[in-house]
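What follows is a set of notes on a single structure, which appears directly below.
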Amino acid sequence: MPRYAQIIMGPAGCGKSTYCYHMQQHLELAGRTAHVINLDPAAENFEYPVAWDIRDVISVEDVSETLHLGPNGGLIYCMEFLLQNLEVLDEALNYDDDYILIDCPGQIELYTHLPLMRQLMDHLQSLDYKLVAVYLLDCQFIDDTAKFFAGVLSAMSAMLQLEVPHLNLLSKMDLLGEDRRRDLDDFLSADADMLLATANMYTTERQQRLNSAMANLIDDFSLVRFLPLDNTDEGNLEAILINTDHCLQYGEEEEPREPADLDNDRNDDDSSFPM
Ligand SMILES: Nc1nc2c(ncn2[C@@H]2O[C@H](COP(=O)(O)OP(=O)(O)OP(=O)(O)O)[C@@H](O)[C@H]2O)c(=O)[nH]1
Ligand SMILES: [Mg+2]
């Protein structure tokens, strides 16, 4: 039986755990079962059932007390410990309905320049999981285009480092004011000209060459695109599910559902976000 996993990543506080909850609920509404796996050893308490929790094996709190490591060192220690003891995870990943949502820590160095997440992905693939990386960025970032530019680069870095099908989501769209929705398309498409123009307003001529090189990189790869995420809108969650299903080739023996089908689903719904 095929096995599927959404790997939920992104900077601290961008809404990863909240997305896991709402996507799990949405899957249930659709008659599908998914299990949330908490991979964040520094997580606070969850307000919903978590099927497997790394903190039952090792937590940053334990490591800080016993090894006197700070929060970042403690996190790296915990992730390395898990990778050296993967059998504990393997034993847990034994569900009838093999669809999991993996809620990852918010330290972006895990995705951008440390090999730990890549090693974990390789391991899941060796267990026959099909993977999609879901990278969240808080939509409040668009209030500061330079910050958004940095967010786009971190999303791109994660995509290139992890080498699995990848979706970027602009999260917490319910918080976005009407005034910011007008230029939303430029942000959803990570328009390189717009990013460059703003970055150049704040930098010296020498740094502008670097801005230009980075904007060209984003443009050349044409990789970074965002879908809006509004957890309060089931239609929007369904749109995201269709895209994750497409990346996962979910139920490939059935009639495939293309993201283009969204247009039909959304024709009657003016309140939906552009995709
Ligand atoms: N309005 C709104 N708030 C959200 C949404 N998603 C998350 N939040 C809030 O943002 C804060 C952080 O959300 P989390 O889901 O814990 O974010 P996270 O990415 O898991 O955070 P870390 O695990 O600490 O990296 C919480 O106060 C949430 O209630 C959303 O879609 N809309
Ligand atoms: Mg979290």
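Quick note on naming: the chains in the structure tokens go A, B, ... in the order shown, residues restart at 1 in each chain, and ligands are numbered from 1 in order of appearance.
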
*asked:* Neighbours of ligand 1 at 10 Å or closer, counting only C-alpha atoms and all ligand atoms: which residues, as a PyMOL selection string?
replied: chain A and resi 8-22+38-46+103-108+136-139+170-176+229-233

*Those in segment 47-250 of chain A with strand (DSSP E or B) from DSSP, as a PyMOL selection string*: chain A and resi 52-53+99-103+129-138+166-171+226-228

*Please, which residues of segment 128-269 of chain A, numbered as in this document, come out alpha helix (DSSP H) from DSSP, as a ChimeraX atom specification?*
/A:145-162,178-181,184-188,192-201,205-221,234-248,261-266
